[in-house]
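Text of the file upload.txt, holding compact mmCIF, C-alpha atoms:
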```
# COMPACT_ATOMS: atom_id res chain seq x y z
CA MET T 1 10.58 -31.19 65.65
CA PRO T 2 14.16 -32.28 64.92
CA LYS T 3 14.61 -34.84 62.17
CA PRO T 4 15.82 -38.26 63.31
CA GLU T 5 19.44 -38.91 62.49
CA ARG T 6 19.87 -40.71 59.20
CA ARG T 7 21.61 -44.01 59.31
CA GLY T 8 22.97 -46.38 56.72
CA ARG T 9 24.65 -45.71 53.40
CA ARG T 10 22.66 -42.52 52.63
CA GLY T 11 23.47 -40.98 56.02
CA SER T 12 27.12 -41.79 55.59
CA ARG T 13 27.16 -40.17 52.14
CA ASP T 14 25.49 -37.02 53.53
CA ARG T 15 28.04 -36.80 56.35
CA THR T 16 30.90 -37.20 53.88
CA LEU T 17 29.49 -34.48 51.61
CA ALA T 18 28.92 -32.14 54.55
CA ALA T 19 32.50 -32.71 55.69
CA LEU T 20 33.78 -32.07 52.16
CA ARG T 21 31.88 -28.79 52.06
CA MET T 22 33.38 -27.76 55.40
CA GLU T 23 36.87 -28.68 54.15
CA SER T 24 36.33 -26.51 51.10
CA GLU T 25 35.09 -23.57 53.18
CA ALA T 26 38.02 -23.92 55.58
CA ALA T 27 40.47 -23.98 52.66
CA LEU T 28 38.94 -20.79 51.24
CA ARG T 29 39.12 -19.11 54.65
CA ASP T 30 42.80 -20.11 55.02
CA GLN T 31 43.59 -18.81 51.53
CA ILE T 32 41.92 -15.48 52.30
CA ARG T 33 43.76 -15.22 55.64
CA ARG T 34 47.09 -15.88 53.93
CA LEU T 35 46.36 -13.15 51.40
CA LEU T 36 45.19 -10.72 54.08
CA SER T 37 48.42 -11.29 56.01
CA LEU T 38 50.34 -9.85 53.03
CA PRO T 39 50.66 -6.13 52.36
CA MET T 40 48.26 -4.91 49.68
CA ALA T 41 51.06 -4.35 47.16
CA ALA T 42 52.03 -8.04 47.43
CA ARG T 43 48.59 -9.45 46.66
CA THR T 44 49.29 -9.38 42.96
CA HIS T 45 49.23 -13.01 41.77
CA PHE T 46 45.81 -12.67 40.21
CA LEU T 47 46.42 -12.09 36.53
CA ARG T 48 45.47 -14.71 33.95
CA VAL T 49 47.02 -14.55 30.52
CA ARG T 50 45.27 -15.47 27.30
CA LEU T 51 46.68 -18.48 25.52
CA PRO T 52 47.11 -18.38 21.73
CA GLY T 53 44.68 -21.22 21.04
CA GLY T 54 42.07 -19.82 23.38
CA GLY T 55 41.64 -20.24 27.11
CA SER T 56 43.82 -18.70 29.78
CA ALA T 57 46.38 -19.55 32.43
CA LEU T 58 47.74 -17.95 35.57
CA MET Q 1 50.91 -14.51 36.73
CA ASN Q 2 52.20 -11.75 38.94
CA ALA Q 3 50.40 -8.54 38.00
CA ALA Q 4 52.86 -6.31 39.88
CA PRO Q 5 55.00 -5.28 36.86
CA LEU Q 6 51.93 -4.33 34.80
CA LEU Q 7 50.30 -2.59 37.76
CA ARG Q 8 53.45 -0.52 38.28
CA ARG Q 9 53.49 0.48 34.60
CA ILE Q 10 49.80 1.38 34.72
CA ALA Q 11 50.15 3.39 37.92
CA ALA Q 12 53.19 5.25 36.53
CA ALA Q 13 51.41 5.99 33.24
CA LEU Q 14 48.29 7.25 35.01
CA ALA Q 15 50.43 9.52 37.18
CA ASP Q 16 52.49 10.81 34.24
CA CYS Q 17 49.34 11.58 32.24
CA ARG Q 18 47.54 12.98 35.29
CA LEU Q 19 44.61 10.73 34.49
CA GLU Q 20 42.50 10.13 37.55
CA ALA Q 21 40.89 6.70 37.55
CA VAL Q 22 39.86 4.15 40.16
CA LEU Q 23 40.71 0.45 39.81
CA ILE Q 24 37.55 -1.65 40.09
CA GLY Q 25 36.50 -5.24 39.42
CA ASN Q 26 38.35 -8.44 40.26
CA ALA Q 27 41.78 -6.79 40.20
CA ALA Q 28 40.65 -4.41 42.96
CA ALA Q 29 39.07 -7.30 44.86
CA ALA Q 30 42.29 -9.32 44.60
CA LEU Q 31 44.31 -6.43 46.02
CA HIS Q 32 41.89 -6.44 48.95
CA GLY Q 33 42.80 -10.10 49.54
CA ALA Q 34 40.10 -11.95 47.61
CA PRO Q 35 41.39 -15.14 45.92
CA VAL Q 36 40.03 -14.25 42.48
CA THR Q 37 41.70 -13.90 39.10
CA THR Q 38 41.21 -11.71 36.06
CA LEU Q 39 42.45 -11.20 32.52
CA ASP Q 40 42.37 -7.42 32.58
CA PHE Q 41 42.31 -4.27 34.68
CA ASP Q 42 39.11 -2.26 34.91
CA PHE Q 43 39.00 1.41 35.79
CA LEU Q 44 36.24 3.95 36.32
CA PHE Q 45 37.01 7.47 35.19
CA ARG Q 46 35.22 10.69 34.35
CA THR Q 47 34.50 11.30 30.73
CA SER Q 48 35.55 14.74 29.52
CA PRO Q 49 37.48 16.01 26.49
CA ALA Q 50 40.52 16.53 28.71
CA ASN Q 51 40.33 12.98 30.08
CA ILE Q 52 39.97 11.52 26.59
CA ARG Q 53 43.17 13.33 25.62
CA LYS Q 54 44.83 11.99 28.75
CA LEU Q 55 43.60 8.50 27.91
CA LYS Q 56 45.27 8.73 24.50
CA ALA Q 57 48.47 9.84 26.20
CA PHE Q 58 48.11 6.94 28.65
CA ALA Q 59 47.83 4.47 25.75
CA ASP Q 60 50.85 6.03 24.00
CA HIS Q 61 52.80 5.83 27.24
CA LEU Q 62 52.17 2.07 27.37
CA HIS Q 63 52.72 1.60 23.60
CA ALA Q 64 49.13 0.40 23.45
CA THR Q 65 46.13 1.15 21.28
CA ILE Q 66 42.61 2.19 22.20
CA LEU Q 67 39.94 -0.03 20.72
CA ARG Q 68 36.51 1.33 20.00
CA PRO Q 69 33.63 -0.47 21.69
CA TYR Q 70 31.13 -2.60 19.75
CA TYR Q 71 28.38 -0.64 21.48
CA PRO Q 72 29.50 3.01 21.54
CA VAL Q 73 26.85 3.96 24.11
CA SER Q 74 28.68 1.76 26.63
CA SER Q 75 31.49 4.38 26.77
CA LEU Q 76 34.01 1.58 27.16
CA PHE Q 77 37.57 2.42 26.17
CA ARG Q 78 39.78 -0.67 25.87
CA VAL Q 79 43.52 -0.05 25.96
CA VAL Q 80 45.32 -3.06 24.57
CA ASP Q 81 48.91 -4.09 24.01
CA ASP Q 82 48.80 -7.70 22.88
CA GLU Q 83 52.57 -8.11 22.91
CA GLY Q 84 52.82 -6.94 26.49
CA GLY Q 85 49.75 -8.92 27.55
CA LEU Q 86 48.05 -5.72 28.62
CA GLN Q 87 44.32 -5.01 28.59
CA VAL Q 88 42.99 -2.06 30.53
CA ASP Q 89 39.30 -1.17 30.31
CA PHE Q 90 38.15 2.33 31.17
CA MET Q 91 34.48 2.89 31.91
CA THR Q 92 32.51 5.99 32.73
CA THR Q 93 29.57 4.21 34.34
CA ILE Q 94 29.28 0.95 36.22
CA HIS Q 95 26.42 -0.80 37.96
CA GLY Q 96 25.88 -0.04 41.62
CA VAL Q 97 28.05 3.08 41.80
CA ARG Q 98 26.30 6.43 41.46
CA THR Q 99 29.22 8.78 40.96
CA PHE Q 100 32.94 8.73 40.33
CA ALA Q 101 33.44 11.12 43.26
CA SER Q 102 31.77 8.76 45.72
CA LEU Q 103 33.83 5.80 44.49
CA ARG Q 104 37.04 7.84 44.71
CA ALA Q 105 36.19 9.08 48.22
CA ARG Q 106 35.94 5.49 49.48
CA ALA Q 107 38.90 4.17 47.47
CA GLN Q 108 42.14 3.03 49.07
CA ARG Q 109 45.43 4.53 47.95
CA LEU Q 110 48.12 2.02 47.01
CA GLU Q 111 51.63 3.26 46.38
CA LEU Q 112 53.61 1.44 43.72
CA ASP Q 113 57.16 2.68 43.16
CA GLY Q 114 56.19 6.22 44.03
CA ALA Q 115 53.05 6.27 41.88
CA GLU Q 116 49.68 6.20 43.57
CA LEU Q 117 46.95 3.83 42.44
CA LEU Q 118 43.36 4.33 43.60
CA VAL Q 119 41.73 1.00 44.42
CA ALA Q 120 37.96 0.84 44.88
CA SER Q 121 36.83 -0.36 48.29
CA LEU Q 122 35.79 -4.00 48.56
CA ASP Q 123 32.30 -2.80 49.55
CA ASP Q 124 32.03 -0.93 46.25
CA VAL Q 125 33.31 -3.89 44.23
CA ILE Q 126 30.74 -6.15 45.90
CA ARG Q 127 27.97 -3.58 45.39
CA SER Q 128 28.87 -3.22 41.73
CA LYS Q 129 29.03 -6.96 41.05
CA ARG Q 130 25.75 -7.55 42.85
CA ALA Q 131 24.08 -4.82 40.80
CA ALA Q 132 25.59 -6.05 37.52
CA GLY Q 133 24.27 -9.53 38.24
CA ARG Q 134 26.00 -11.33 35.36
CA PRO Q 135 26.66 -15.02 36.04
CA ARG Q 136 30.41 -14.34 36.34
CA ASP Q 137 29.71 -11.55 38.84
CA ARG Q 138 27.38 -13.71 40.91
CA ALA Q 139 29.94 -16.54 40.84
CA VAL Q 140 32.56 -14.53 42.74
CA LEU Q 141 30.22 -12.80 45.19
CA PRO Q 142 30.46 -15.49 47.91
CA ILE Q 143 34.29 -15.27 47.72
CA LEU Q 144 34.25 -11.47 47.96
CA GLU Q 145 31.81 -11.56 50.86
CA ALA Q 146 33.92 -14.16 52.67
CA THR Q 147 36.96 -11.91 52.16
CA ARG Q 148 35.10 -8.91 53.57
CA ALA Q 149 34.03 -10.95 56.59
CA GLU Q 150 37.61 -12.14 57.20
CA ALA Q 151 38.99 -8.62 56.77
CA ARG Q 152 36.58 -7.39 59.43
CA THR Q 153 37.53 -10.15 61.86
CA PRO Q 154 40.15 -8.92 64.33
CA ARG Q 155 43.34 -10.94 64.04
CA PRO Q 156 46.29 -11.16 66.43
CA PRO Q 157 49.37 -9.22 65.29
CA ARG Q 158 51.84 -11.14 63.12
CA LYS Q 159 54.85 -12.69 64.84
CA SER Q 160 58.16 -11.30 63.62
```
Represent the structure of the file as structure tokens.
Amino acid sequence: MPKPERRGRRGSRDRTLAALRMESEAALRDQIRRLLSLPMAARTHFLRVRLPGGGSAL
Amino acid sequence: MNAAPLLRRIAAALADCRLEAVLIGNAAAALHGAPVTTLDFDFLFRTSPANIRKLKAFADHLHATILRPYYPVSSLFRVVDDEGGLQVDFMTTIHGVRTFASLRARAQRLELDGAELLVASLDDVIRSKRAAGRPRDRAVLPILEATRAEARTPRPPRKS
């Protein structure tokens, strides 16, 4: 049996979080598509370098 | 950082030393279009006295040194040039891949300035990371799987 639609503040928060998740998934898909549109030899911006004090940066 | 200059040097050195190795790990995944990053380049190769000699020549070629592993049984050979920001790990065994020959047979050939680089298939990278199961492997699996799904989705040709 389908759950009744939530209303009120909690339902609004859930909708916002669901939309945020979808935004994030869409952004990842777009990023992958942009990379896939490049030739393999151009997909090379993936190397992080170690920083002297620890940590790393692109 | 753009890995292209280092990749070209590595591919040229492998070719000059006739060392056959297949790029694996996040670097291979990134070349297949996955938005992941890495600090080093990982390769699978066959261990043999001849290949160990070639590996030494490879390190010399890059003005790098080979570090011994903390756990010798791991058969990990780490080629490092700190000044050049280079770290290349060579392994003889990885999780999820039975033989070097099978990995090589499925690998994609990438040409970089005339030198050929063997890049493990995304399927093999995913299989290996799933089998390894470390938290950092599991963390990237959804991204690699999303990339594989997108790569399999037919797309209209690019407009010129």
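Using only C-alpha atoms, the chain T residues found within 10 Å of chain Q amount to Glu25, Leu28, Arg29, Asp30, Gln31, Ile32, Arg33, Arg34, Leu35, Leu36, Ser37, Leu38, Pro39, Met40, Ala41, Ala42, Arg43, Thr44, His45, Phe46, Leu47, Arg48, Val49, Arg50, Ser56, Ala57 and Leu58 of chain T.
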What lies within 10 Å of Ala132 of chain Q using only C-alpha atoms, ignoring chain neighbours under 4 positions off, as a short mmCIF file (atom, residue, chain, number, x, y, z; two decimals) with C-alpha atoms, keeping the file's coordinate frame?
```cif
data_model
loop_
_atom_site.label_atom_id
_atom_site.label_comp_id
_atom_site.auth_asym_id
_atom_site.auth_seq_id
_atom_site.Cartn_x
_atom_site.Cartn_y
_atom_site.Cartn_z
CA ILE Q 94 29.28 0.95 36.22
CA HIS Q 95 26.42 -0.80 37.96
CA GLY Q 96 25.88 -0.04 41.62
CA ILE Q 126 30.74 -6.15 45.90
CA ARG Q 127 27.97 -3.58 45.39
CA SER Q 128 28.87 -3.22 41.73
CA ARG Q 136 30.41 -14.34 36.34
CA ASP Q 137 29.71 -11.55 38.84
CA ARG Q 138 27.38 -13.71 40.91
#
```
- Task: Please identify all polymer residues within 8 Å of Val80 of chain Q, counting all atoms listed in the file, omitting same-chain residues fewer than 4 positions from it, and present them as a list in words.
- Result: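 The residues that qualify are Ala64, Thr65, Ile66, Leu67, Gly85, Leu86, Gln87 and Val88 of chain Q.
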- Report the distance between atom CA of Gly114 of chain Q and atom CA of Pro154 of chain Q in Å, rounded to one decimal place. 30.0 Å
- Item | Å distance separating atom CA of Phe58 of chain Q from atom CA of Arg46 of chain Q, one decimal place |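 Interatomic distance here is 14.6 Å.
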- Between atom CA of Asn51 of chain Q and atom CA of Glu83 of chain Q - distance in Å to one decimal: 25.4 Å
